[in-house]
Amino acid sequence: MIKIILAAIGGAFLVMLLAVSPCSLARADLRLDITSGQVQPMPIAIPAFAGGGEARAGSEIAGVISADLERSGLFRPVDPRSFIQNVSAADMSAPRFADWRQINAQALVTGAVQTQADGRLGVQFRLWDVFAEQQLTGFGYTTTPQNWRRIAHIIADEIYKRITGEEGYFDTRIVYVAESGPQQARAKRLAIMDQDGANNHYLTDGRALVLTPRFSPSAQEITYLSFAAKQPRVYLLNIDTLQQEIIGDFPGMTFAPRFSPDGNRVILSRAVNGASNIYTFDLRTHSIARLTDDNAIDTSPCYSPDGGQIVFNSDRGGSQQLYVMSAGGGGAHRISFGSGKYGTPVWSPRGDLIAFTKISGGAFFIGVMRPDGSGERLLTQGFLVEGPTWAPNGRVLMYFAEGPSDANGYGGSPHLQTIDLTGYNQRDVPTSGAASDPAWSPLLR
C-alpha cells in the first residue's frame with residue numbers, strides 16, 4: 001500500500017495523513033502542447049535521488065522516472081555525465097539553476113530517499129522550471145521498500161501531468177497472452193507486467209489455451225477466454241488470489257469478453273449455429289441479457305466510458321464493419337465506411353475516439369475514428385498489427401504486431417508495440433518472449 005504523506009506548498013512540506021493534491025504554485029510557461037503532432041522532446045535533468053545509505057535506491061528511482069518520460073517521446077533526459085551540480089538532500093530546496101541552464105535543461109527533478117524508523121521507504125521529489133527558477137510541484141511518499149518502482153512511476157505521472165496538462169499512464173500494468181513453443185503446438189499463458197515490462201509473471205500455467213484478457217475497472221480482476229477442458233468459456237480471474245470462475249452457463253462458444261465501466265457486468269459474444277450475438281452477464285445477479293438477435297457475426301463489443309453505448313463489429317451488411325448501439329441493444333447503426341474490413345473496436349477512456357484494426361489491400365492497420373465514424377486516421381500498418389488497447393489517459397495505444405513466417409513456419413512471433421495518438425513515437429514493449437492480445441489497466445491508484 002502506498003500513501004502520499006507530504007505535499008509541497010511553496011518551499012515547505014506539510015505532513016498529511018491521506019492523499020492530497022498540490023496547491024497552486026507560482027505559474028511558469030514550462031508546458032508542452034501534445035495535441036499538435038510530433039513534439040520536440042523537452043530536455044529534463046533527473047539526477048539520482050539523494051539518500052546517503054540509500055544511494056542505490058535513489059539512483060534506481062531516478063532511472064525509472066527517466067525511462068518512463070523518455071519512452072513517452074515528450075521528454076529528453078539530459079545525459080547525467082554533463083551534470084555540473086551534484087545534488088544533495090540539502091540542495092533539493094535550492095538548486096543552482098545557472099548550472100542546469102548551462103547544460104540546456106529546461107526542467108529539473110530533485111529528490112531524496114530515506115529509510116524510516118519503521119523500515120518503510122520515504123521518497124520526496126520536486127519539479128523545477130530551470131529558466132523561471134520556480135518550483136512547479138513536489139510530493140512525498142512512503143511505502144514498503146519492495147514498492148520503490150511504483151513510487152518512481154507515480155512521480156513520472158506527476159511530472160507528465162504538470163508539464164503536459166494531461167494525466168500520466170506510467171503507474172499501470174499490462175495483461176497479455178505470452179506465447180511459446182512451435183507454431184503447430186503453441187502454448188498461450190496469461191501474463192501480467194508493469195507497463196515498462198518490469199515485474200513480469202504468469203497467471204496461468206499454459207495447459208489451456210487463453211485469449212483476449214481484459215481488466216476490470218478496479219484492475220483487480222481479469223476476464224478472458226479459456227479453452228480449459230476443451231470447452232471455450234469466459235472466465236473471471238482475481239489477480240491477487242488467482243481464484244477463477246466461469247461466467248454464466250452458455251452452451252456453445254462464448255468469447256470476446258469485456259467489463260462494463262462500472263465493473264458490474266461483462267459483455268461478450270456467443271456463437272450458435274454459425275451466428276454470434278452479443279450478451280451481457282450481470283456479475284451480481286448472474287442474470288443474462290441478449291442485446292443482438294440476428295444471423296450475422298456480431299462480436300468484439302466494447303462500452304463507451306459512460307456506459308451508455310456499445311461499439312462492436314458485425315458482418316450484417318455483407319462485410320465486417322463497425323456499429324454503435326445503445327447499451328440496451330437498440331438502434332444499431334454503422335459508423336465505418338472506408339475501404340476494407342474493420343474489427344476489434346475499443347472506446348477511448350476519454351470517450352472522444354474509437355480505435356480499431358483495419359484490413360485493406362492485404363495489409364493490417366491500427367486506426368482511430370470519432371464515435372460517429374468521422375475523422376478516420378490510420379496510425380500504423382504492418383503485415384499483421386491487431387488488437388489495440390488504450391492507455392488510461394487516452395493518448396497512447398498498445399497493440400501486437402507480427403511479421404511473416406518463413407517457408408518452414410519459423411519467425412513471425414508476435415510482439416507488443418505502442419504508438420502515440422498522433423501517429424508518432426512507435427516503440428517496442430519489452431516482454432520475456434512472444435506476446436499478443438495486450439490490455440492496459442486503469443491507473444493503479
# chains A, B, ... in the order shown; residues from 1 in each chain; ligands from 1

call {"tool": "residues_around", "arguments": {"residues": "range 270-272 of chain A", "least_positions_apart": "3", "cutoff": "8 Å", "atoms": "only C-alpha atoms", "output": "list in words"}}
result
Phe250, Gly252, Met253, Thr254, Phe255, Ala275, Ser276, Asn277, Ile278 and Tyr279 of chain A

call {"tool": "residues_around", "arguments": {"residues": "Gln309 in chain A", "least_positions_apart": "4", "cutoff": "9 Å", "atoms": "only C-alpha atoms", "output": "list of chain:residue names"}}
result
A:Cys302, A:Tyr303, A:Ser304, A:Pro305, A:Val324, A:Met325, A:Ser326, A:Ala327, A:Gly328, A:Gly329

call {"tool": "write_last_selection", "arguments": {"atoms": "C-alpha atoms", "output": "CSV table (one decimal), in the first residue's frame"}}
result
chain,number,residue,atom,x,y,z
A,302,CYS,CA,-16.9,-2.5,-26.0
A,303,TYR,CA,-18.8,0.0,-23.9
A,304,SER,CA,-18.4,3.8,-24.1
A,305,PRO,CA,-16.8,5.2,-21.0
A,324,VAL,CA,-22.7,1.5,-32.5
A,325,MET,CA,-25.8,0.8,-30.5
A,326,SER,CA,-27.3,1.8,-27.2
A,327,ALA,CA,-26.2,-0.1,-24.1
A,328,GLY,CA,-29.7,-1.8,-24.0
A,329,GLY,CA,-29.2,-3.2,-27.5

call {"tool": "select_by_dssp", "arguments": {"residues": "range 179-408 of chain A", "states": "helix (DSSP H, G or I)", "output": "ChimeraX atom specification"}}
result
/A:183-185,228-230

call {"tool": "write_last_selection", "arguments": {"atoms": "N, CA and C atoms", "output": "short mmCIF file (atom, residue, chain, number, x, y, z; two decimals), in the first residue's frame"}}
result
data_model
loop_
_atom_site.label_atom_id
_atom_site.label_comp_id
_atom_site.auth_asym_id
_atom_site.auth_seq_id
_atom_site.Cartn_x
_atom_site.Cartn_y
_atom_site.Cartn_z
N GLN A 183 4.78 -23.28 -33.78
CA GLN A 183 3.52 -22.74 -34.27
C GLN A 183 2.41 -23.79 -34.26
N GLN A 184 2.77 -25.04 -34.49
CA GLN A 184 1.76 -26.09 -34.57
C GLN A 184 1.24 -26.51 -33.19
N ALA A 185 1.98 -26.19 -32.14
CA ALA A 185 1.56 -26.56 -30.78
C ALA A 185 1.87 -25.41 -29.83
N ALA A 228 -10.13 -24.36 -21.39
CA ALA A 228 -9.97 -25.41 -20.38
C ALA A 228 -11.00 -26.51 -20.60
N ALA A 229 -10.57 -27.75 -20.43
CA ALA A 229 -11.43 -28.91 -20.67
C ALA A 229 -11.98 -28.91 -22.09
N LYS A 230 -11.23 -28.25 -22.99
CA LYS A 230 -11.56 -28.19 -24.43
C LYS A 230 -12.92 -27.54 -24.70
#

call {"tool": "closest_residue", "arguments": {"among": "A:Gln40, A:Thr285, A:Ser441, A:Ser348", "to": "Arg370 in chain A", "atoms": "only C-alpha atoms"}}
result
A:Ser348

call {"tool": "atom_distance", "arguments": {"atom1": "CA of Ala105 in chain A", "atom2": "CA of Gly73 in chain A"}}
result
16.2 Å

call {"tool": "atom_distance", "arguments": {"atom1": "CA of Gln106 in chain A", "atom2": "CA of Ala156 in chain A"}}
result
16.2 Å

call {"tool": "atom_distance", "arguments": {"atom1": "CA of Gly263 in chain A", "atom2": "CA of Ser300 in chain A"}}
result
17.4 Å

call {"tool": "residues_around", "arguments": {"residues": "Leu379 in chain A", "least_positions_apart": "6", "cutoff": "7 Å", "atoms": "only C-alpha atoms", "output": "PyMOL selection string"}}
result
chain A and resi 366-367+423

call {"tool": "write_last_selection", "arguments": {"atoms": "C-alpha atoms", "output": "mmCIF file, in the first residue's frame"}}
result
data_model
loop_
_atom_site.group_PDB
_atom_site.id
_atom_site.type_symbol
_atom_site.label_atom_id
_atom_site.label_comp_id
_atom_site.auth_asym_id
_atom_site.auth_seq_id
_atom_site.Cartn_x
_atom_site.Cartn_y
_atom_site.Cartn_z
ATOM 1 C CA ILE A 366 -4.360 0.361 -36.454
ATOM 2 C CA GLY A 367 -6.543 3.457 -36.659
ATOM 3 C CA GLY A 423 0.884 8.524 -35.107
#

call {"tool": "residues_around", "arguments": {"residues": "Ala401 in chain A", "least_positions_apart": "5", "cutoff": "10 Å", "atoms": "only C-alpha atoms", "output": "VMD selection string"}}
result
chain A and resid 364 381 to 387 412 to 417 428 435 to 437

call {"tool": "write_last_selection", "arguments": {"atoms": "N, CA and C atoms", "output": "PDB file, in the first residue's frame"}}
result
ATOM      1  N   PHE A 364      -2.589  -4.824 -42.716  1.00  0.00           N
ATOM      2  CA  PHE A 364      -3.307  -4.526 -41.484  1.00  0.00           C
ATOM      3  C   PHE A 364      -2.945  -3.115 -41.026  1.00  0.00           C
ATOM      4  N   GLN A 381       0.740   0.616 -39.833  1.00  0.00           N
ATOM      5  CA  GLN A 381       0.370  -0.542 -40.626  1.00  0.00           C
ATOM      6  C   GLN A 381       1.476  -1.561 -40.588  1.00  0.00           C
ATOM      7  N   GLY A 382       1.143  -2.810 -40.981  1.00  0.00           N
ATOM      8  CA  GLY A 382       2.143  -3.861 -40.998  1.00  0.00           C
ATOM      9  C   GLY A 382       1.583  -5.131 -41.584  1.00  0.00           C
ATOM     10  N   PHE A 383       2.430  -6.161 -41.663  1.00  0.00           N
ATOM     11  CA  PHE A 383       1.996  -7.468 -42.121  1.00  0.00           C
ATOM     12  C   PHE A 383       0.840  -7.959 -41.259  1.00  0.00           C
ATOM     13  N   LEU A 384       0.976  -7.779 -39.933  1.00  0.00           N
ATOM     14  CA  LEU A 384      -0.115  -8.041 -39.001  1.00  0.00           C
ATOM     15  C   LEU A 384       0.036  -7.096 -37.814  1.00  0.00           C
ATOM     16  N   VAL A 385      -0.877  -6.193 -37.664  1.00  0.00           N
ATOM     17  CA  VAL A 385      -0.987  -5.367 -36.455  1.00  0.00           C
ATOM     18  C   VAL A 385      -2.443  -5.457 -36.017  1.00  0.00           C
ATOM     19  N   GLU A 386      -2.672  -5.697 -34.739  1.00  0.00           N
ATOM     20  CA  GLU A 386      -4.039  -6.024 -34.316  1.00  0.00           C
ATOM     21  C   GLU A 386      -4.216  -5.774 -32.821  1.00  0.00           C
ATOM     22  N   GLY A 387      -5.479  -5.656 -32.415  1.00  0.00           N
ATOM     23  CA  GLY A 387      -5.841  -5.647 -31.007  1.00  0.00           C
ATOM     24  C   GLY A 387      -5.423  -4.421 -30.236  1.00  0.00           C
ATOM     25  N   GLY A 412       8.064 -14.776 -37.339  1.00  0.00           N
ATOM     26  CA  GLY A 412       6.707 -14.263 -37.263  1.00  0.00           C
ATOM     27  C   GLY A 412       6.113 -14.231 -35.875  1.00  0.00           C
ATOM     28  N   SER A 413       6.940 -14.274 -34.830  1.00  0.00           N
ATOM     29  CA  SER A 413       6.409 -14.254 -33.469  1.00  0.00           C
ATOM     30  C   SER A 413       5.820 -12.881 -33.153  1.00  0.00           C
ATOM     31  N   PRO A 414       4.664 -12.835 -32.505  1.00  0.00           N
ATOM     32  CA  PRO A 414       4.051 -11.540 -32.178  1.00  0.00           C
ATOM     33  C   PRO A 414       4.802 -10.837 -31.055  1.00  0.00           C
ATOM     34  N   HIS A 415       4.772  -9.516 -31.076  1.00  0.00           N
ATOM     35  CA  HIS A 415       5.366  -8.714 -30.015  1.00  0.00           C
ATOM     36  C   HIS A 415       4.512  -7.469 -29.820  1.00  0.00           C
ATOM     37  N   LEU A 416       4.694  -6.813 -28.690  1.00  0.00           N
ATOM     38  CA  LEU A 416       3.864  -5.668 -28.336  1.00  0.00           C
ATOM     39  C   LEU A 416       4.540  -4.369 -28.754  1.00  0.00           C
ATOM     40  N   GLN A 417       3.724  -3.414 -29.184  1.00  0.00           N
ATOM     41  CA  GLN A 417       4.214  -2.096 -29.550  1.00  0.00           C
ATOM     42  C   GLN A 417       3.255  -1.035 -29.034  1.00  0.00           C
ATOM     43  N   ASP A 428       8.731  -0.509 -29.290  1.00  0.00           N
ATOM     44  CA  ASP A 428       8.552  -1.890 -28.862  1.00  0.00           C
ATOM     45  C   ASP A 428       8.404  -1.940 -27.347  1.00  0.00           C
ATOM     46  N   ALA A 435       4.425 -12.268 -27.543  1.00  0.00           N
ATOM     47  CA  ALA A 435       3.318 -11.688 -26.775  1.00  0.00           C
ATOM     48  C   ALA A 435       2.248 -11.169 -27.712  1.00  0.00           C
ATOM     49  N   SER A 436       0.981 -11.349 -27.318  1.00  0.00           N
ATOM     50  CA  SER A 436      -0.161 -10.871 -28.114  1.00  0.00           C
ATOM     51  C   SER A 436      -1.294 -10.458 -27.184  1.00  0.00           C
ATOM     52  N   ASP A 437      -2.365  -9.939 -27.764  1.00  0.00           N
ATOM     53  CA  ASP A 437      -3.600  -9.595 -27.030  1.00  0.00           C
ATOM     54  C   ASP A 437      -3.358  -8.751 -25.780  1.00  0.00           C
TER      55      ASP A 437
END

call {"tool": "closest_residue", "arguments": {"among": "A:Gln231, A:Leu444, A:Leu225, A:Pro392", "to": "Gly168 in chain A", "atoms": "only C-alpha atoms"}}
result
A:Pro392

call {"tool": "residues_around", "arguments": {"residues": "range 257-261 of chain A", "least_positions_apart": "3", "cutoff": "8 Å", "atoms": "only C-alpha atoms", "output": "VMD selection string"}}
result
chain A and resid 212 to 217 223 to 225 234 264 to 269 300 to 307

call {"tool": "closest_residue", "arguments": {"among": "A:Glu158, A:Asp293, A:Asp194, A:Asp315", "to": "Ile65 in chain A", "atoms": "only C-alpha atoms"}}
result
A:Glu158

call {"tool": "select_by_dssp", "arguments": {"residues": "range 27-112 of chain A", "states": "strand (DSSP E)", "output": "list of chain:residue names"}}
result
A:Met42, A:Pro43, A:Ile44, A:Ala45, A:Phe75, A:Arg76, A:Pro77, A:Ala107, A:Leu108, A:Val109, A:Thr110, A:Gly111, A:Ala112

call {"tool": "residues_around", "arguments": {"residues": "Trp347 in chain A", "least_positions_apart": "4", "cutoff": "9 Å", "atoms": "only C-alpha atoms", "output": "PyMOL selection string"}}
result
chain A and resi 302-305+310-311+351-356+371+389-390

call {"tool": "write_last_selection", "arguments": {"atoms": "C-alpha atoms", "output": "tab-separated table (two decimals), in the first residue's frame"}}
result
chain	number	residue	atom	x	y	z
A	302	CYS	CA	-16.94	-2.50	-26.03
A	303	TYR	CA	-18.79	0.02	-23.86
A	304	SER	CA	-18.40	3.78	-24.11
A	305	PRO	CA	-16.80	5.24	-20.95
A	310	ILE	CA	-21.62	-0.11	-27.24
A	311	VAL	CA	-19.37	-0.36	-30.28
A	351	GLY	CA	-14.85	8.99	-24.97
A	352	ASP	CA	-13.72	11.02	-28.00
A	353	LEU	CA	-12.37	8.25	-30.25
A	354	ILE	CA	-12.73	4.58	-31.11
A	355	ALA	CA	-9.59	2.61	-32.00
A	356	PHE	CA	-9.81	-0.34	-34.38
A	371	PRO	CA	-17.81	7.70	-32.40
A	389	THR	CA	-5.77	-1.10	-26.23
A	390	TRP	CA	-5.75	2.41	-24.76

call {"tool": "residues_around", "arguments": {"residues": "Leu32 in chain A", "least_positions_apart": "3", "cutoff": "10 Å", "atoms": "only C-alpha atoms", "output": "MDAnalysis selection string"}}
result
chainID A and resid 29 35:36 39:42 74:75 160 162:166

call {"tool": "decode", "arguments": {"residues": "range 141-266 of chain A", "atoms": "C-alpha atoms", "output": "PDB file, in the first residue's frame"}}
result
ATOM      1  CA  TYR A 141       5.519   9.283  -0.492  1.00  0.00           C
ATOM      2  CA  THR A 142       6.017   6.378   1.848  1.00  0.00           C
ATOM      3  CA  THR A 143       5.800   2.682   1.041  1.00  0.00           C
ATOM      4  CA  THR A 144       7.497  -0.654   1.629  1.00  0.00           C
ATOM      5  CA  PRO A 145      10.974  -0.933   0.089  1.00  0.00           C
ATOM      6  CA  GLN A 146       9.680  -3.520  -2.411  1.00  0.00           C
ATOM      7  CA  ASN A 147       7.338  -0.913  -3.932  1.00  0.00           C
ATOM      8  CA  TRP A 148      10.029   1.551  -4.965  1.00  0.00           C
ATOM      9  CA  ARG A 149       9.281   1.069  -8.674  1.00  0.00           C
ATOM     10  CA  ARG A 150       5.662   2.136  -8.170  1.00  0.00           C
ATOM     11  CA  ILE A 151       6.842   5.287  -6.427  1.00  0.00           C
ATOM     12  CA  ALA A 152       9.024   6.039  -9.449  1.00  0.00           C
ATOM     13  CA  HIS A 153       6.082   5.526 -11.837  1.00  0.00           C
ATOM     14  CA  ILE A 154       3.836   7.742  -9.695  1.00  0.00           C
ATOM     15  CA  ILE A 155       6.447  10.518  -9.725  1.00  0.00           C
ATOM     16  CA  ALA A 156       6.786  10.197 -13.510  1.00  0.00           C
ATOM     17  CA  ASP A 157       2.995  10.550 -13.771  1.00  0.00           C
ATOM     18  CA  GLU A 158       3.076  13.737 -11.688  1.00  0.00           C
ATOM     19  CA  ILE A 159       5.820  15.243 -13.864  1.00  0.00           C
ATOM     20  CA  TYR A 160       3.999  14.277 -17.057  1.00  0.00           C
ATOM     21  CA  LYS A 161       0.767  15.805 -15.779  1.00  0.00           C
ATOM     22  CA  ARG A 162       2.345  19.056 -14.632  1.00  0.00           C
ATOM     23  CA  ILE A 163       4.226  19.631 -17.892  1.00  0.00           C
ATOM     24  CA  THR A 164       1.609  18.420 -20.410  1.00  0.00           C
ATOM     25  CA  GLY A 165      -1.651  19.124 -18.590  1.00  0.00           C
ATOM     26  CA  GLU A 166      -2.706  15.502 -19.271  1.00  0.00           C
ATOM     27  CA  GLU A 167      -2.922  12.580 -16.856  1.00  0.00           C
ATOM     28  CA  GLY A 168       0.040  10.225 -16.914  1.00  0.00           C
ATOM     29  CA  TYR A 169      -0.086   6.495 -17.598  1.00  0.00           C
ATOM     30  CA  PHE A 170       3.081   5.066 -16.040  1.00  0.00           C
ATOM     31  CA  ASP A 171       1.606   3.618 -12.832  1.00  0.00           C
ATOM     32  CA  THR A 172      -0.249   0.928 -14.756  1.00  0.00           C
ATOM     33  CA  ARG A 173       0.008  -2.735 -15.684  1.00  0.00           C
ATOM     34  CA  ILE A 174      -0.419  -4.729 -18.860  1.00  0.00           C
ATOM     35  CA  VAL A 175      -2.048  -8.144 -19.082  1.00  0.00           C
ATOM     36  CA  TYR A 176      -1.296 -10.093 -22.248  1.00  0.00           C
ATOM     37  CA  VAL A 177      -1.031 -13.566 -23.775  1.00  0.00           C
ATOM     38  CA  ALA A 178       2.513 -14.955 -23.523  1.00  0.00           C
ATOM     39  CA  GLU A 179       3.207 -17.383 -26.378  1.00  0.00           C
ATOM     40  CA  SER A 180       5.842 -20.100 -26.583  1.00  0.00           C
ATOM     41  CA  GLY A 181       6.580 -23.315 -28.471  1.00  0.00           C
ATOM     42  CA  PRO A 182       6.246 -24.267 -32.134  1.00  0.00           C
ATOM     43  CA  GLN A 183       3.517 -22.738 -34.274  1.00  0.00           C
ATOM     44  CA  GLN A 184       1.758 -26.093 -34.569  1.00  0.00           C
ATOM     45  CA  ALA A 185       1.558 -26.563 -30.780  1.00  0.00           C
ATOM     46  CA  ARG A 186       1.597 -23.045 -29.383  1.00  0.00           C
ATOM     47  CA  ALA A 187       1.288 -22.643 -25.612  1.00  0.00           C
ATOM     48  CA  LYS A 188      -0.543 -19.485 -24.538  1.00  0.00           C
ATOM     49  CA  ARG A 189      -0.482 -18.267 -20.949  1.00  0.00           C
ATOM     50  CA  LEU A 190      -1.889 -15.200 -19.268  1.00  0.00           C
ATOM     51  CA  ALA A 191       0.909 -12.904 -18.134  1.00  0.00           C
ATOM     52  CA  ILE A 192       0.971  -9.569 -16.341  1.00  0.00           C
ATOM     53  CA  MET A 193       3.665  -6.908 -16.018  1.00  0.00           C
ATOM     54  CA  ASP A 194       4.221  -3.239 -15.324  1.00  0.00           C
ATOM     55  CA  GLN A 195       3.739  -1.006 -18.362  1.00  0.00           C
ATOM     56  CA  ASP A 196       7.532  -0.821 -18.807  1.00  0.00           C
ATOM     57  CA  GLY A 197       7.935  -4.624 -18.864  1.00  0.00           C
ATOM     58  CA  ALA A 198       9.161  -4.992 -15.272  1.00  0.00           C
ATOM     59  CA  ASN A 199       7.705  -7.429 -12.706  1.00  0.00           C
ATOM     60  CA  ASN A 200       6.531  -9.858 -15.362  1.00  0.00           C
ATOM     61  CA  HIS A 201       4.879 -13.038 -14.107  1.00  0.00           C
ATOM     62  CA  TYR A 202       2.396 -15.639 -15.317  1.00  0.00           C
ATOM     63  CA  LEU A 203      -1.199 -16.006 -14.166  1.00  0.00           C
ATOM     64  CA  THR A 204      -1.992 -19.342 -15.861  1.00  0.00           C
ATOM     65  CA  ASP A 205       0.150 -22.426 -16.438  1.00  0.00           C
ATOM     66  CA  GLY A 206      -0.313 -22.841 -20.194  1.00  0.00           C
ATOM     67  CA  ARG A 207      -2.184 -26.136 -20.087  1.00  0.00           C
ATOM     68  CA  ALA A 208      -5.271 -24.433 -21.529  1.00  0.00           C
ATOM     69  CA  LEU A 209      -5.293 -22.004 -24.436  1.00  0.00           C
ATOM     70  CA  VAL A 210      -6.238 -18.472 -23.345  1.00  0.00           C
ATOM     71  CA  LEU A 211      -7.212 -15.405 -25.387  1.00  0.00           C
ATOM     72  CA  THR A 212      -8.365 -11.769 -25.076  1.00  0.00           C
ATOM     73  CA  PRO A 213      -7.694 -10.884 -21.419  1.00  0.00           C
ATOM     74  CA  ARG A 214      -9.302  -7.623 -20.238  1.00  0.00           C
ATOM     75  CA  PHE A 215      -9.003  -5.695 -16.958  1.00  0.00           C
ATOM     76  CA  SER A 216     -11.878  -4.786 -14.676  1.00  0.00           C
ATOM     77  CA  PRO A 217     -12.218  -1.047 -13.860  1.00  0.00           C
ATOM     78  CA  SER A 218     -10.679  -1.756 -10.440  1.00  0.00           C
ATOM     79  CA  ALA A 219      -7.685  -3.510 -12.095  1.00  0.00           C
ATOM     80  CA  GLN A 220      -8.140  -6.357  -9.579  1.00  0.00           C
ATOM     81  CA  GLU A 221      -9.833  -8.846 -11.915  1.00  0.00           C
ATOM     82  CA  ILE A 222      -9.354 -10.064 -15.460  1.00  0.00           C
ATOM     83  CA  THR A 223     -11.906 -11.579 -17.788  1.00  0.00           C
ATOM     84  CA  TYR A 224     -10.680 -13.778 -20.624  1.00  0.00           C
ATOM     85  CA  LEU A 225     -11.489 -16.696 -22.915  1.00  0.00           C
ATOM     86  CA  SER A 226     -10.111 -20.110 -21.965  1.00  0.00           C
ATOM     87  CA  PHE A 227     -10.303 -23.497 -23.656  1.00  0.00           C
ATOM     88  CA  ALA A 228      -9.973 -25.407 -20.379  1.00  0.00           C
ATOM     89  CA  ALA A 229     -11.434 -28.913 -20.673  1.00  0.00           C
ATOM     90  CA  LYS A 230     -11.559 -28.190 -24.426  1.00  0.00           C
ATOM     91  CA  GLN A 231     -14.635 -26.018 -23.899  1.00  0.00           C
ATOM     92  CA  PRO A 232     -14.386 -22.317 -24.885  1.00  0.00           C
ATOM     93  CA  ARG A 233     -15.685 -20.389 -21.891  1.00  0.00           C
ATOM     94  CA  VAL A 234     -15.318 -16.905 -20.474  1.00  0.00           C
ATOM     95  CA  TYR A 235     -13.625 -16.757 -17.068  1.00  0.00           C
ATOM     96  CA  LEU A 236     -13.034 -14.259 -14.287  1.00  0.00           C
ATOM     97  CA  LEU A 237      -9.645 -14.288 -12.545  1.00  0.00           C
ATOM     98  CA  ASN A 238      -8.720 -12.466  -9.343  1.00  0.00           C
ATOM     99  CA  ILE A 239      -5.151 -11.187  -9.829  1.00  0.00           C
ATOM    100  CA  ASP A 240      -4.212 -11.400  -6.148  1.00  0.00           C
ATOM    101  CA  THR A 241      -5.691 -14.780  -5.234  1.00  0.00           C
ATOM    102  CA  LEU A 242      -5.613 -16.374  -8.723  1.00  0.00           C
ATOM    103  CA  GLN A 243      -9.095 -17.692  -7.974  1.00  0.00           C
ATOM    104  CA  GLN A 244     -11.085 -18.120 -11.182  1.00  0.00           C
ATOM    105  CA  GLU A 245     -14.688 -18.789 -12.078  1.00  0.00           C
ATOM    106  CA  ILE A 246     -16.701 -19.383 -15.232  1.00  0.00           C
ATOM    107  CA  ILE A 247     -19.059 -16.599 -16.277  1.00  0.00           C
ATOM    108  CA  GLY A 248     -22.561 -17.895 -16.860  1.00  0.00           C
ATOM    109  CA  ASP A 249     -23.863 -21.154 -18.276  1.00  0.00           C
ATOM    110  CA  PHE A 250     -23.710 -20.509 -22.011  1.00  0.00           C
ATOM    111  CA  PRO A 251     -23.990 -23.567 -24.252  1.00  0.00           C
ATOM    112  CA  GLY A 252     -21.753 -23.234 -27.312  1.00  0.00           C
ATOM    113  CA  MET A 253     -18.781 -20.919 -27.646  1.00  0.00           C
ATOM    114  CA  THR A 254     -18.503 -17.673 -25.708  1.00  0.00           C
ATOM    115  CA  PHE A 255     -15.726 -15.192 -26.473  1.00  0.00           C
ATOM    116  CA  ALA A 256     -14.560 -11.526 -26.673  1.00  0.00           C
ATOM    117  CA  PRO A 257     -15.394 -10.602 -23.044  1.00  0.00           C
ATOM    118  CA  ARG A 258     -15.035  -7.094 -21.646  1.00  0.00           C
ATOM    119  CA  PHE A 259     -16.180  -5.366 -18.442  1.00  0.00           C
ATOM    120  CA  SER A 260     -18.741  -2.593 -18.269  1.00  0.00           C
ATOM    121  CA  PRO A 261     -17.396   0.765 -16.986  1.00  0.00           C
ATOM    122  CA  ASP A 262     -18.960   0.194 -13.555  1.00  0.00           C
ATOM    123  CA  GLY A 263     -17.499  -3.314 -13.314  1.00  0.00           C
ATOM    124  CA  ASN A 264     -20.889  -4.889 -12.609  1.00  0.00           C
ATOM    125  CA  ARG A 265     -21.333  -6.629 -15.957  1.00  0.00           C
ATOM    126  CA  VAL A 266     -19.342  -8.477 -18.573  1.00  0.00           C
TER     127      VAL A 266
END
